[in-house]
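To be precise, the following lines are entry10.txt, and they hold compact mmCIF, C-alpha atoms.
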```txt
# COMPACT_ATOMS: atom_id res chain seq x y z
CA MET A 1 -7.68 10.05 0.67
CA ASP A 2 -7.10 11.59 -2.76
CA LEU A 3 -5.53 9.40 -5.42
CA PRO A 4 -4.59 10.09 -9.04
CA GLN A 5 -7.17 8.97 -11.56
CA GLY A 6 -6.85 5.35 -12.70
CA VAL A 7 -5.30 4.56 -16.07
CA PRO A 8 -7.55 2.64 -18.51
CA PRO A 9 -5.85 -0.60 -19.61
CA ALA A 10 -4.47 -0.70 -23.15
CA HIS A 11 -6.13 -4.10 -23.58
CA LEU A 12 -9.08 -5.56 -21.67
CA LEU A 13 -8.34 -9.16 -20.73
CA LYS A 14 -10.17 -12.19 -19.35
CA VAL A 15 -8.58 -13.24 -16.05
CA LEU A 16 -9.19 -16.38 -14.00
CA VAL A 17 -8.08 -16.12 -10.37
CA LEU A 18 -7.51 -19.54 -8.80
CA GLY A 19 -8.07 -19.09 -5.07
CA ALA A 20 -10.51 -16.83 -3.24
CA GLY A 21 -8.53 -16.15 -0.08
CA ASN A 22 -7.34 -12.72 1.04
CA PHE A 23 -4.89 -12.06 -1.77
CA GLY A 24 -6.76 -13.74 -4.61
CA SER A 25 -9.90 -11.82 -3.69
CA CYS A 26 -8.15 -8.45 -3.44
CA LEU A 27 -6.43 -8.88 -6.82
CA ALA A 28 -9.70 -9.95 -8.44
CA ASP A 29 -11.21 -6.76 -7.03
CA HIS A 30 -8.30 -4.65 -8.33
CA LEU A 31 -8.50 -6.03 -11.86
CA ALA A 32 -12.30 -5.88 -12.08
CA GLU A 33 -12.27 -2.23 -10.97
CA VAL A 34 -10.30 -1.32 -14.10
CA ASP A 35 -12.77 -3.23 -16.31
CA HIS A 36 -10.98 -6.51 -16.99
CA THR A 37 -13.34 -9.52 -17.14
CA VAL A 38 -12.62 -11.43 -13.93
CA TYR A 39 -13.54 -14.95 -12.83
CA ILE A 40 -12.54 -16.27 -9.42
CA TRP A 41 -12.55 -19.94 -8.44
CA SER A 42 -13.07 -21.25 -4.92
CA ARG A 43 -13.31 -24.85 -3.73
CA GLU A 44 -15.83 -23.69 -1.09
CA ALA A 45 -19.44 -23.63 -2.27
CA ASP A 46 -20.57 -20.99 0.23
CA VAL A 47 -17.88 -18.58 -0.95
CA VAL A 48 -18.94 -19.05 -4.58
CA GLU A 49 -22.61 -18.55 -3.74
CA GLU A 50 -22.08 -15.41 -1.66
CA LEU A 51 -19.70 -13.76 -4.14
CA ASN A 52 -22.25 -14.23 -6.93
CA LYS A 53 -25.30 -13.37 -4.82
CA THR A 54 -24.20 -10.62 -2.42
CA HIS A 55 -20.78 -9.73 -3.94
CA ARG A 56 -19.11 -10.34 -0.59
CA ASN A 57 -16.65 -12.99 0.51
CA PRO A 58 -18.01 -14.61 3.70
CA LYS A 59 -14.55 -15.70 4.91
CA TYR A 60 -12.01 -13.12 3.71
CA LEU A 61 -12.19 -9.32 3.51
CA THR A 62 -15.73 -9.72 4.80
CA ASP A 63 -16.44 -5.98 5.08
CA HIS A 64 -15.60 -5.30 1.44
CA ALA A 65 -18.18 -5.13 -1.37
CA PHE A 66 -16.68 -6.63 -4.54
CA PRO A 67 -17.53 -5.43 -8.06
CA GLU A 68 -20.70 -7.03 -9.42
CA SER A 69 -18.83 -7.85 -12.62
CA ILE A 70 -16.77 -10.58 -10.87
CA THR A 71 -18.06 -14.10 -11.58
CA ALA A 72 -17.29 -16.78 -8.99
CA LEU A 73 -16.79 -20.40 -10.13
CA GLY A 74 -16.68 -23.64 -8.18
CA PRO A 75 -16.49 -25.66 -6.09
CA GLU A 76 -15.65 -27.94 -9.04
CA PHE A 77 -12.37 -27.07 -10.74
CA PRO A 78 -12.84 -24.95 -13.91
CA ASP A 79 -13.25 -27.05 -17.05
CA ALA A 80 -11.18 -26.93 -20.24
CA LYS A 81 -13.52 -24.44 -21.90
CA VAL A 82 -13.00 -21.90 -19.12
CA LEU A 83 -9.24 -22.43 -18.83
CA ASN A 84 -8.67 -22.15 -22.57
CA GLY A 85 -10.95 -19.14 -22.86
CA VAL A 86 -9.00 -16.75 -20.62
CA ASP A 87 -5.94 -14.60 -21.26
CA VAL A 88 -4.51 -14.81 -17.74
CA LEU A 89 -4.31 -17.52 -15.06
CA LEU A 90 -3.58 -16.01 -11.66
CA PHE A 91 -2.58 -18.56 -8.99
CA ALA A 92 -3.41 -17.38 -5.46
CA ILE A 93 -3.39 -20.63 -3.49
CA PRO A 94 -1.08 -21.90 -0.72
CA THR A 95 2.16 -23.35 -2.07
CA GLN A 96 1.44 -26.78 -0.55
CA GLY A 97 -1.53 -27.13 -2.93
CA LEU A 98 0.16 -25.66 -6.01
CA ARG A 99 1.36 -28.93 -7.56
CA GLU A 100 -2.13 -30.47 -7.56
CA THR A 101 -3.66 -27.31 -8.98
CA LEU A 102 -1.10 -27.10 -11.77
CA GLU A 103 -1.67 -30.75 -12.67
CA ASN A 104 -5.38 -29.99 -12.99
CA VAL A 105 -4.59 -27.01 -15.21
CA ARG A 106 -2.11 -28.93 -17.38
CA SER A 107 -4.59 -31.73 -18.09
CA ARG A 108 -7.16 -29.24 -19.38
CA LEU A 109 -5.02 -26.78 -21.36
CA ASP A 110 -4.90 -26.91 -25.15
CA ARG A 111 -1.16 -26.76 -25.87
CA SER A 112 -1.76 -26.29 -29.61
CA LYS A 113 -2.80 -22.66 -29.03
CA GLU A 114 -1.13 -19.74 -27.26
CA LEU A 115 -1.10 -20.32 -23.52
CA PRO A 116 -2.52 -17.81 -21.02
CA LEU A 117 -0.16 -15.60 -19.06
CA PHE A 118 0.74 -17.52 -15.86
CA ILE A 119 0.96 -15.29 -12.74
CA PHE A 120 1.80 -16.57 -9.25
CA VAL A 121 1.30 -14.67 -5.98
CA ASN A 122 1.77 -17.53 -3.49
CA LYS A 123 4.75 -17.35 -1.13
CA GLY A 124 6.24 -20.58 0.17
CA ILE A 125 8.34 -23.68 -0.39
CA GLU A 126 6.90 -27.16 -0.90
CA VAL A 127 7.65 -29.09 2.30
CA GLU A 128 8.02 -32.60 0.85
CA THR A 129 10.37 -31.66 -1.99
CA GLN A 130 11.78 -28.30 -0.82
CA ALA A 131 10.85 -27.06 -4.31
CA LEU A 132 10.24 -23.41 -5.12
CA PRO A 133 7.10 -22.63 -7.17
CA LEU A 134 9.33 -22.18 -10.25
CA GLU A 135 10.47 -25.80 -9.96
CA ILE A 136 6.93 -27.06 -9.30
CA ILE A 137 5.80 -25.31 -12.48
CA ALA A 138 8.62 -26.96 -14.47
CA ASP A 139 7.76 -30.39 -13.02
CA THR A 140 4.04 -30.16 -13.80
CA CYS A 141 3.65 -27.92 -16.85
CA GLY A 142 7.12 -28.04 -18.40
CA VAL A 143 10.21 -25.87 -18.51
CA ASP A 144 8.74 -23.76 -21.32
CA VAL A 145 5.93 -22.60 -19.01
CA ALA A 146 8.30 -22.07 -16.06
CA ARG A 147 10.55 -19.82 -18.10
CA VAL A 148 7.68 -17.43 -18.91
CA ALA A 149 5.83 -17.66 -15.58
CA THR A 150 5.68 -14.42 -13.60
CA PHE A 151 5.75 -13.83 -9.85
CA VAL A 152 4.26 -10.88 -7.97
CA SER A 153 5.62 -10.19 -4.50
CA GLY A 154 6.18 -7.28 -2.16
CA PRO A 155 4.80 -5.42 0.87
CA SER A 156 1.10 -5.81 0.12
CA PHE A 157 -1.56 -6.51 2.73
CA ALA A 158 -4.81 -7.44 1.00
CA LYS A 159 -7.01 -5.31 3.26
CA GLU A 160 -5.06 -2.21 2.27
CA ILE A 161 -5.10 -3.01 -1.46
CA VAL A 162 -8.92 -3.15 -1.53
CA ARG A 163 -8.96 0.28 0.19
CA ARG A 164 -6.63 1.61 -2.54
CA GLN A 165 -3.81 2.33 -0.14
CA PRO A 166 -0.73 2.99 -2.35
CA THR A 167 1.09 -0.33 -2.77
CA THR A 168 4.29 -1.26 -4.62
CA VAL A 169 5.38 -4.73 -5.72
CA SER A 170 8.08 -6.59 -7.62
CA VAL A 171 7.13 -8.51 -10.78
CA ALA A 172 9.73 -11.15 -11.63
CA SER A 173 10.21 -13.57 -14.51
CA LEU A 174 12.97 -15.19 -16.53
CA SER A 175 11.19 -13.56 -19.48
CA SER A 176 11.37 -9.76 -19.47
CA GLU A 177 8.48 -9.66 -21.96
CA HIS A 178 6.16 -11.60 -19.66
CA ALA A 179 7.22 -9.62 -16.59
CA GLN A 180 6.29 -6.44 -18.47
CA ARG A 181 2.93 -7.90 -19.54
CA THR A 182 2.11 -8.71 -15.91
CA SER A 183 3.27 -5.28 -14.79
CA ASP A 184 1.06 -3.64 -17.42
CA LEU A 185 -1.91 -5.72 -16.26
CA PHE A 186 -1.71 -4.60 -12.63
CA HIS A 187 -0.07 -1.19 -12.76
CA GLN A 188 -2.14 1.74 -11.49
CA PRO A 189 -1.21 4.89 -9.52
CA TRP A 190 -2.16 3.06 -6.30
CA PHE A 191 -0.59 -0.27 -7.32
CA ARG A 192 2.85 0.34 -8.75
CA CYS A 193 4.84 -2.50 -10.33
CA TYR A 194 8.61 -2.81 -10.78
CA THR A 195 9.99 -5.59 -13.00
CA ASN A 196 12.83 -7.82 -11.82
CA PRO A 197 14.74 -10.54 -13.74
CA ASP A 198 15.36 -12.71 -10.66
CA PRO A 199 12.34 -14.95 -9.93
CA VAL A 200 14.48 -17.28 -7.80
CA GLY A 201 15.46 -14.47 -5.44
CA VAL A 202 11.95 -13.02 -5.40
CA GLU A 203 10.43 -16.43 -4.59
CA LEU A 204 12.94 -17.12 -1.84
CA ALA A 205 12.48 -13.68 -0.31
CA GLY A 206 8.69 -14.03 -0.35
CA ALA A 207 8.84 -17.45 1.30
CA LEU A 208 11.61 -16.90 3.86
CA LYS A 209 10.36 -13.58 5.22
CA ASN A 210 7.38 -15.46 6.69
CA VAL A 211 9.74 -17.53 8.85
CA TYR A 212 11.49 -14.41 10.10
CA ALA A 213 8.16 -12.72 10.79
CA ILE A 214 7.49 -15.53 13.27
CA ALA A 215 10.84 -14.76 14.93
CA SER A 216 9.96 -11.06 15.12
CA GLY A 217 6.58 -11.89 16.59
CA ILE A 218 8.16 -14.15 19.20
CA ALA A 219 10.43 -11.30 20.29
CA ASP A 220 7.44 -8.96 20.52
CA GLY A 221 5.45 -11.49 22.52
CA MET A 222 8.35 -11.81 24.96
CA GLY A 223 8.34 -8.06 25.53
CA TYR A 224 11.40 -7.04 23.52
CA GLU A 225 11.17 -3.61 21.93
CA ASN A 226 12.45 -1.51 19.01
CA ASN A 227 16.21 -2.12 19.24
CA THR A 228 15.59 -5.86 19.23
CA ARG A 229 13.20 -5.75 16.30
CA ALA A 230 15.49 -3.60 14.17
CA GLY A 231 18.46 -5.88 14.82
CA LEU A 232 16.41 -9.02 14.26
CA ILE A 233 15.04 -7.79 10.92
CA THR A 234 18.51 -6.82 9.73
CA ARG A 235 20.11 -10.13 10.70
CA SER A 236 17.14 -11.94 9.14
CA LEU A 237 17.82 -10.08 5.90
CA GLY A 238 21.43 -11.29 6.11
CA GLU A 239 20.30 -14.92 6.46
CA MET A 240 17.83 -14.60 3.58
CA THR A 241 20.53 -13.13 1.35
CA ARG A 242 22.93 -15.94 2.29
CA VAL A 243 20.40 -18.59 1.25
CA GLY A 244 19.52 -16.70 -1.92
CA THR A 245 23.15 -16.35 -2.98
CA ALA A 246 23.63 -20.10 -2.56
CA TYR A 247 20.67 -20.50 -4.97
CA GLY A 248 22.32 -18.28 -7.58
CA ALA A 249 20.00 -15.35 -6.87
CA SER A 250 21.34 -11.81 -6.90
CA PRO A 251 22.05 -10.39 -3.41
CA LEU A 252 20.53 -7.13 -4.66
CA THR A 253 17.13 -8.80 -5.02
CA PHE A 254 16.95 -8.97 -1.23
CA LEU A 255 17.14 -5.17 -1.13
CA SER A 256 14.06 -4.93 -3.37
CA LEU A 257 10.36 -4.57 -2.63
CA ALA A 258 10.08 -8.37 -2.60
CA GLY A 259 13.03 -8.57 -0.21
CA VAL A 260 13.56 -6.00 2.52
CA GLY A 261 10.26 -4.28 1.68
CA ASP A 262 8.12 -7.34 2.36
CA LEU A 263 10.36 -8.43 5.25
CA PHE A 264 9.97 -5.10 7.03
CA LEU A 265 6.18 -5.08 6.62
CA THR A 266 5.67 -8.68 7.70
CA CYS A 267 8.03 -8.41 10.68
CA SER A 268 6.56 -5.21 12.06
CA SER A 269 2.78 -5.41 11.73
CA THR A 270 0.17 -7.11 13.86
CA SER A 271 -1.82 -7.55 10.61
CA SER A 272 0.72 -10.19 9.56
CA ARG A 273 -0.51 -13.74 10.20
CA ASN A 274 3.04 -14.99 10.67
CA PHE A 275 3.94 -12.20 13.09
CA THR A 276 0.76 -13.03 15.02
CA VAL A 277 1.73 -16.71 15.27
CA GLY A 278 5.13 -15.68 16.65
CA ARG A 279 3.73 -13.16 19.11
CA ARG A 280 1.32 -15.72 20.53
CA LEU A 281 4.17 -18.25 20.81
CA GLY A 282 6.21 -15.63 22.64
CA GLU A 283 3.31 -15.08 25.02
CA GLY A 284 3.30 -18.80 25.85
CA GLU A 285 0.51 -20.25 23.70
CA LYS A 286 0.88 -23.68 22.09
CA LEU A 287 1.27 -23.92 18.30
CA ASP A 288 -1.65 -26.33 17.80
CA HIS A 289 -4.05 -23.95 19.53
CA ILE A 290 -2.74 -20.96 17.58
CA ILE A 291 -3.21 -22.71 14.22
CA LYS A 292 -6.73 -23.84 15.12
CA THR A 293 -7.82 -20.33 16.11
CA LEU A 294 -5.89 -18.24 13.58
CA GLY A 295 -8.57 -18.43 10.90
CA SER A 296 -6.20 -18.36 7.91
CA VAL A 297 -2.97 -19.88 6.62
CA ALA A 298 0.37 -18.75 8.05
CA GLU A 299 2.82 -19.96 5.39
CA GLY A 300 5.82 -19.43 7.67
CA VAL A 301 4.88 -22.42 9.81
CA THR A 302 5.28 -24.88 6.94
CA THR A 303 8.10 -22.93 5.27
CA ALA A 304 10.19 -23.21 8.45
CA LYS A 305 10.17 -26.99 8.02
CA ALA A 306 11.17 -26.79 4.35
CA LEU A 307 13.86 -24.22 5.10
CA HIS A 308 15.34 -26.46 7.81
CA SER A 309 15.85 -29.19 5.20
CA ILE A 310 17.27 -26.72 2.68
CA LEU A 311 19.81 -25.35 5.15
CA LYS A 312 21.12 -28.85 5.84
CA LYS A 313 21.35 -29.61 2.13
CA LEU A 314 23.12 -26.34 1.30
CA GLU A 315 25.28 -26.39 4.45
CA ILE A 316 24.28 -22.79 5.17
CA LYS A 317 24.20 -21.29 8.66
CA ALA A 318 21.01 -19.43 9.55
CA PRO A 319 20.65 -19.43 13.35
CA ILE A 320 17.48 -17.33 13.48
CA ALA A 321 15.64 -19.60 11.04
CA GLU A 322 16.89 -22.68 12.88
CA GLY A 323 15.72 -21.13 16.14
CA VAL A 324 12.20 -20.70 14.74
CA TYR A 325 12.22 -24.32 13.57
CA ALA A 326 13.32 -25.47 17.03
CA VAL A 327 10.43 -23.62 18.68
CA LEU A 328 7.84 -24.83 16.14
CA TYR A 329 8.95 -28.44 15.79
CA GLY A 330 11.79 -29.19 18.19
CA GLY A 331 10.00 -28.68 21.48
CA ARG A 332 12.18 -25.72 22.47
CA GLY A 333 10.71 -22.90 24.53
CA ALA A 334 10.82 -19.39 23.07
CA LYS A 335 12.67 -18.03 26.12
CA ASP A 336 15.39 -20.72 26.00
CA MET A 337 15.84 -20.33 22.24
CA ALA A 338 16.11 -16.54 22.50
CA GLY A 339 18.74 -16.89 25.20
CA GLU A 340 20.73 -19.31 23.06
CA LEU A 341 20.68 -16.96 20.06
CA MET A 342 21.75 -13.98 22.15
CA SER A 343 24.63 -16.03 23.59
CA LEU A 344 26.21 -16.85 20.22
CA PRO A 345 29.83 -15.69 19.83
CA PRO A 346 30.70 -12.60 17.71
CA GLN A 347 30.74 -13.21 13.97
CA SER A 348 31.24 -11.45 10.64
CA GLU A 349 28.33 -9.25 9.62
CA ILE A 350 28.74 -9.93 5.88
CA ASP A 351 29.05 -13.64 5.11
CA LEU A 352 27.87 -14.74 1.67
CA PRO A 353 28.64 -18.09 0.00
CA ALA A 354 31.45 -17.87 -2.52
CA HIS A 355 29.77 -20.29 -4.93
CA ILE A 356 26.34 -21.55 -5.94
CA SER A 357 25.70 -24.78 -4.05
CA LYS A 358 25.93 -28.10 -5.89
CA PRO A 359 22.30 -29.18 -5.19
CA VAL A 360 21.04 -25.96 -6.80
CA ARG A 361 23.06 -26.40 -9.98
CA ALA A 362 20.75 -29.24 -11.08
CA LEU A 363 17.74 -26.91 -10.74
CA MET A 364 19.49 -24.19 -12.74
CA LYS A 365 20.38 -26.69 -15.47
CA LYS A 366 16.76 -27.91 -15.61
CA LEU A 367 15.51 -24.36 -16.08
CA GLY A 368 18.29 -23.29 -18.42
CA ILE A 369 19.54 -20.63 -16.00
CA LYS A 370 23.21 -19.63 -16.22
CA GLU A 371 25.26 -17.83 -13.59
CA GLY A 372 24.60 -14.12 -13.94
CA ASP A 373 21.17 -14.54 -15.57
CA LEU A 374 19.41 -13.44 -12.37
CA SER A 375 21.40 -10.25 -11.81
CA PRO A 376 19.20 -7.14 -11.99
CA ARG A 377 19.95 -4.78 -14.84
CA ALA A 378 21.05 -1.23 -14.03
CA SER A 379 17.89 0.10 -15.66
CA VAL A 380 15.74 -1.92 -13.23
CA LEU A 381 17.60 -0.63 -10.19
CA SER A 382 17.45 2.99 -11.28
CA ARG A 383 13.66 3.20 -11.57
```
Can the structure in the file be given as structure tokens, please?
Amino acid sequence: MDLPQGVPPAHLLKVLVLGAGNFGSCLADHLAEVDHTVYIWSREADVVEELNKTHRNPKYLTDHAFPESITALGPEFPDAKVLNGVDVLLFAIPTQGLRETLENVRSRLDRSKELPLFIFVNKGIEVETQALPLEIIADTCGVDVARVATFVSGPSFAKEIVRRQPTTVSVASLSSEHAQRTSDLFHQPWFRCYTNPDPVGVELAGALKNVYAIASGIADGMGYENNTRAGLITRSLGEMTRVGTAYGASPLTFLSLAGVGDLFLTCSSTSSRNFTVGRRLGEGEKLDHIIKTLGSVAEGVTTAKALHSILKKLEIKAPIAEGVYAVLYGGRGAKDMAGELMSLPPQSEIDLPAHISKPVRALMKKLGIKEGDLSPRASVLSR
């Protein structure tokens, strides 16, 4: 496979990747290949040892040889000297552990000096609080950090990124300057970045698509074919957009790389962990057994629980998402749930909330977001 020559970075930076799973490892590899100084932290001692000794990750992307320039840290959390000595903090950990990690970071950061660039690649919603990562950042590190935090999301399987398969992603932030800085950090001919001013929509899209990938997998496991999948993905996009609009996100964000791009990939590939969970459910396996044998985190399983609570709070109808929740947590069989969904009466295809929901307005006030702030600019859409 021939690719254009890589572009040397304008500035070489020190980057600390927090999390050595699939995505954290592949992004560490990407950044080290273009000569940034990269550290990667893992809470697992064997992962740290093997990355430093053999330059391989014994648990994720096991066939890939990582650049020798990457330095692995851990299992102890990086100290203040390390955290205050880097230019970029890249968070690549499951959303359910984000709050604890950010509290560890906050307690060690020197707020009297310029803070590192905060980049987040996790996709999920905190189950206990139903908080998006943006809100977790505000709660732990302050609104000032949340307003400049950046979020990278899009159709991007880690195993393809390390093989330099052309990949495109959305980079979102409330700060256009910080979104551009993150885009400049990652952008290469094989890893193209498109900035987006709607982190709320990008976060929701990245989290919710995992729930709908489980639905798509269930349909596949039950033997349904292409017509079913195409219809299911499209109606899932409608539900995601409905939830996003109630959050004040732009409906157009759900037509972006982080929206329909990631949804299509995750709902149509056996490489997707969430699709795999759904397919095995559709084939009749029990959830507990699937989780024990999956070998990695499927965020959609926990996100389905958080989304169920959000839908009740927002009074939004999302029958596909509720169907997934019923199969995962309500004791419903996949066959019965599929029959119930197919038996629903006819309804309007386009059904968006007329107003931002009241529970979301408090979040927007906390973050200083006004109606219209999250709408993509024409220049963004035309790229």
* Asked: Of the candidates A:Leu281, A:Ser107, A:Phe275, A:Asp63, which one gets nearest to A:Asp79 if we count all atoms listed in the file?
  ->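 Of all the options, A:Ser107 lies closest to A:Asp79.
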Near-stretch 150-152 of chain A list (7 Å; only C-alpha atoms; drop same-chain fewer than 3 positions) as a short mmCIF file (atom, residue, chain, number, x, y, z; two decimals) with C-alpha atoms, in the coordinates of the input:
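out.cif, written as the output of this step:
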```cif
data_model
loop_
_atom_site.label_atom_id
_atom_site.label_comp_id
_atom_site.auth_asym_id
_atom_site.auth_seq_id
_atom_site.Cartn_x
_atom_site.Cartn_y
_atom_site.Cartn_z
CA PHE A 118 0.74 -17.52 -15.86
CA ILE A 119 0.96 -15.29 -12.74
CA PHE A 120 1.80 -16.57 -9.25
CA VAL A 121 1.30 -14.67 -5.98
CA VAL A 169 5.38 -4.73 -5.72
CA SER A 170 8.08 -6.59 -7.62
CA VAL A 171 7.13 -8.51 -10.78
CA ALA A 172 9.73 -11.15 -11.63
CA SER A 173 10.21 -13.57 -14.51
CA HIS A 178 6.16 -11.60 -19.66
CA ALA A 179 7.22 -9.62 -16.59
CA PRO A 199 12.34 -14.95 -9.93
#
```
* **Proximity to A:Ser271 - best of A:Tyr60, A:Asp46, A:His36, A:Phe157, all atoms listed in the file** => A:Phe157
* Please indicate the distance in Å from atom CA of A:Arg273 to atom CA of A:Arg43, rounded to one decimal place. =>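 Distance reported for this atom pair: 21.9 Å.
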* Asked: Could you state the separation of atom CA of A:Leu115 and atom CA of A:Glu33 in Å, given to one decimal place?
  -> 24.7 Å
For A:Asn22, work out the shell of residues within 10 Å, counting all atoms listed in the file and skipping chain neighbours fewer than 6 positions away, then give it as an mmCIF file with C-alpha atoms, in the frame of the given file.
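The file below, result_6.cif, is the result:
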```cif
data_model
loop_
_atom_site.group_PDB
_atom_site.id
_atom_site.type_symbol
_atom_site.label_atom_id
_atom_site.label_comp_id
_atom_site.auth_asym_id
_atom_site.auth_seq_id
_atom_site.Cartn_x
_atom_site.Cartn_y
_atom_site.Cartn_z
ATOM 1 C CA ASN A 57 -16.650 -12.990 0.510
ATOM 2 C CA LYS A 59 -14.550 -15.700 4.910
ATOM 3 C CA TYR A 60 -12.010 -13.120 3.710
ATOM 4 C CA LEU A 61 -12.190 -9.320 3.510
ATOM 5 C CA THR A 62 -15.730 -9.720 4.800
ATOM 6 C CA ALA A 92 -3.410 -17.380 -5.460
ATOM 7 C CA ILE A 93 -3.390 -20.630 -3.490
ATOM 8 C CA PHE A 157 -1.560 -6.510 2.730
ATOM 9 C CA ALA A 158 -4.810 -7.440 1.000
ATOM 10 C CA LYS A 159 -7.010 -5.310 3.260
ATOM 11 C CA SER A 296 -6.200 -18.360 7.910
#
```
* Would you mind telling me which residue in A:Lys14, A:Lys113, A:Arg279, A:Arg235 lies nearest to A:Ala334 when using all atoms listed in the file? =>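 Looking at the shortest contact to A:Ala334, the residue is A:Arg279.
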* Quick one: residues within 12 Å of A:Ser25, only C-alpha atoms counted, chain neighbours fewer than 5 positions away excluded, as an MDAnalysis selection string? -> chainID A and resid 16:20 30:32 38:42 47:48 51 55:62 64:67 70:72 90:93 121 157:159 161:162
* Asked: Which distance in Å separates atom CA of A:Asp198 and atom CA of A:Asp373, to one decimal?
  ->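 The value is 7.8 Å.
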Compile a residue-level contact table for stretch 303-353 of chain A against stretch 125-138 of chain A at a cut-off of 12 Å, reporting for every qualifying residue the shortest atom pair and its distance in Å to one decimal, with only C-alpha atoms counted, rows ordered by chain and ascending number, as JSON lines.
```
{"residue": "A:Thr303", "atom": "CA", "partner": "A:Ile125", "partner_atom": "CA", "distance": 5.7}
{"residue": "A:Ala304", "atom": "CA", "partner": "A:Val127", "partner_atom": "CA", "distance": 8.9}
{"residue": "A:Lys305", "atom": "CA", "partner": "A:Val127", "partner_atom": "CA", "distance": 6.6}
{"residue": "A:Ala306", "atom": "CA", "partner": "A:Val127", "partner_atom": "CA", "distance": 4.7}
{"residue": "A:Leu307", "atom": "CA", "partner": "A:Gln130", "partner_atom": "CA", "distance": 7.5}
{"residue": "A:His308", "atom": "CA", "partner": "A:Gln130", "partner_atom": "CA", "distance": 9.5}
{"residue": "A:Ser309", "atom": "CA", "partner": "A:Gln130", "partner_atom": "CA", "distance": 7.3}
{"residue": "A:Ile310", "atom": "CA", "partner": "A:Gln130", "partner_atom": "CA", "distance": 6.7}
{"residue": "A:Leu311", "atom": "CA", "partner": "A:Gln130", "partner_atom": "CA", "distance": 10.4}
{"residue": "A:Lys312", "atom": "CA", "partner": "A:Gln130", "partner_atom": "CA", "distance": 11.5}
{"residue": "A:Lys313", "atom": "CA", "partner": "A:Gln130", "partner_atom": "CA", "distance": 10.1}
{"residue": "A:Leu314", "atom": "CA", "partner": "A:Gln130", "partner_atom": "CA", "distance": 11.7}
```
* Cut-off 8 Å around (-5.4, -11.6, -18.0) with all atoms listed in the file: residues as an MDAnalysis selection string -> chainID A and resid 12:16 36 86:90 116:117 185
* Give me the residues within 10 Å of A:Val202 as number ranges by chain, counting all atoms listed in the file and dropping any in the same chain fewer than 2 places off. => A: 123, 151-154, 170-173, 196-200, 204-207, 244, 249-250, 253-254, 256-259
Give me the stretch 273-380 of chain A side of the contact with stretch 213-229 of chain A, cut-off 8 Å, one line per residue showing its nearest atom pair and distance in Å at one decimal, counting only C-alpha atoms, sorted by chain and residue number, as CSV.
```
residue,atom,partner,partner_atom,distance
A:Asn274,CA,A:Ile214,CA,5.2
A:Phe275,CA,A:Gly217,CA,4.4
A:Thr276,CA,A:Gly217,CA,6.1
A:Val277,CA,A:Ile214,CA,6.2
A:Gly278,CA,A:Gly217,CA,4.1
A:Arg279,CA,A:Gly217,CA,4.0
A:Arg280,CA,A:Gly221,CA,6.2
A:Leu281,CA,A:Ile218,CA,5.9
A:Gly282,CA,A:Gly221,CA,4.2
A:Glu283,CA,A:Gly221,CA,4.9
A:Gly300,CA,A:Ile214,CA,7.0
A:Ile320,CA,A:Ala215,CA,7.3
A:Ala321,CA,A:Ala215,CA,7.8
A:Val324,CA,A:Ala215,CA,6.1
A:Ala334,CA,A:Ile218,CA,7.0
A:Lys335,CA,A:Met222,CA,7.7
```
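The set of protein, DNA and RNA residues with any counted atom at most 12 Å from (25.9, -16.8, -14.0) (all atoms listed in the file) reads Asp198, Thr245, Tyr247, Gly248, Ala249, Ser250, His355, Ile356, Arg361, Met364, Lys365, Gly368, Ile369, Lys370, Glu371, Gly372, Asp373, Leu374, Ser375 and Pro376 of chain A.
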Quick one: write out the picked residues with C-alpha atoms as a tab-separated table (two decimals), in the frame of the given file?
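Dumped everything to part_28.tsv:
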```tsv
chain	number	residue	atom	x	y	z
A	198	ASP	CA	15.36	-12.71	-10.66
A	245	THR	CA	23.15	-16.35	-2.98
A	247	TYR	CA	20.67	-20.50	-4.97
A	248	GLY	CA	22.32	-18.28	-7.58
A	249	ALA	CA	20.00	-15.35	-6.87
A	250	SER	CA	21.34	-11.81	-6.90
A	355	HIS	CA	29.77	-20.29	-4.93
A	356	ILE	CA	26.34	-21.55	-5.94
A	361	ARG	CA	23.06	-26.40	-9.98
A	364	MET	CA	19.49	-24.19	-12.74
A	365	LYS	CA	20.38	-26.69	-15.47
A	368	GLY	CA	18.29	-23.29	-18.42
A	369	ILE	CA	19.54	-20.63	-16.00
A	370	LYS	CA	23.21	-19.63	-16.22
A	371	GLU	CA	25.26	-17.83	-13.59
A	372	GLY	CA	24.60	-14.12	-13.94
A	373	ASP	CA	21.17	-14.54	-15.57
A	374	LEU	CA	19.41	-13.44	-12.37
A	375	SER	CA	21.40	-10.25	-11.81
A	376	PRO	CA	19.20	-7.14	-11.99
```
* Which is closest to A:Asp2 among A:Tyr325, A:Phe264, A:Trp190, A:Tyr212, if we use only C-alpha atoms? ->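 Using only C-alpha atoms, A:Asp2 sits closest to A:Trp190.
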* Asked: So, counting all atoms listed in the file, which residue among A:Gly85, A:Pro359, A:Pro353, A:Gly6 is closest to A:Ile316?
  -> A:Pro353
What are the centre and edge lengths in Å, to one decimal, of the axis-aligned box around all listed atoms of stretch 185-194 of chain A with 8 Å added on each side, as JSON?
```
{"center_x": 3.2, "center_y": -0.4, "center_z": -11.3, "size_x": 26.8, "size_y": 26.6, "size_z": 26.0}
```
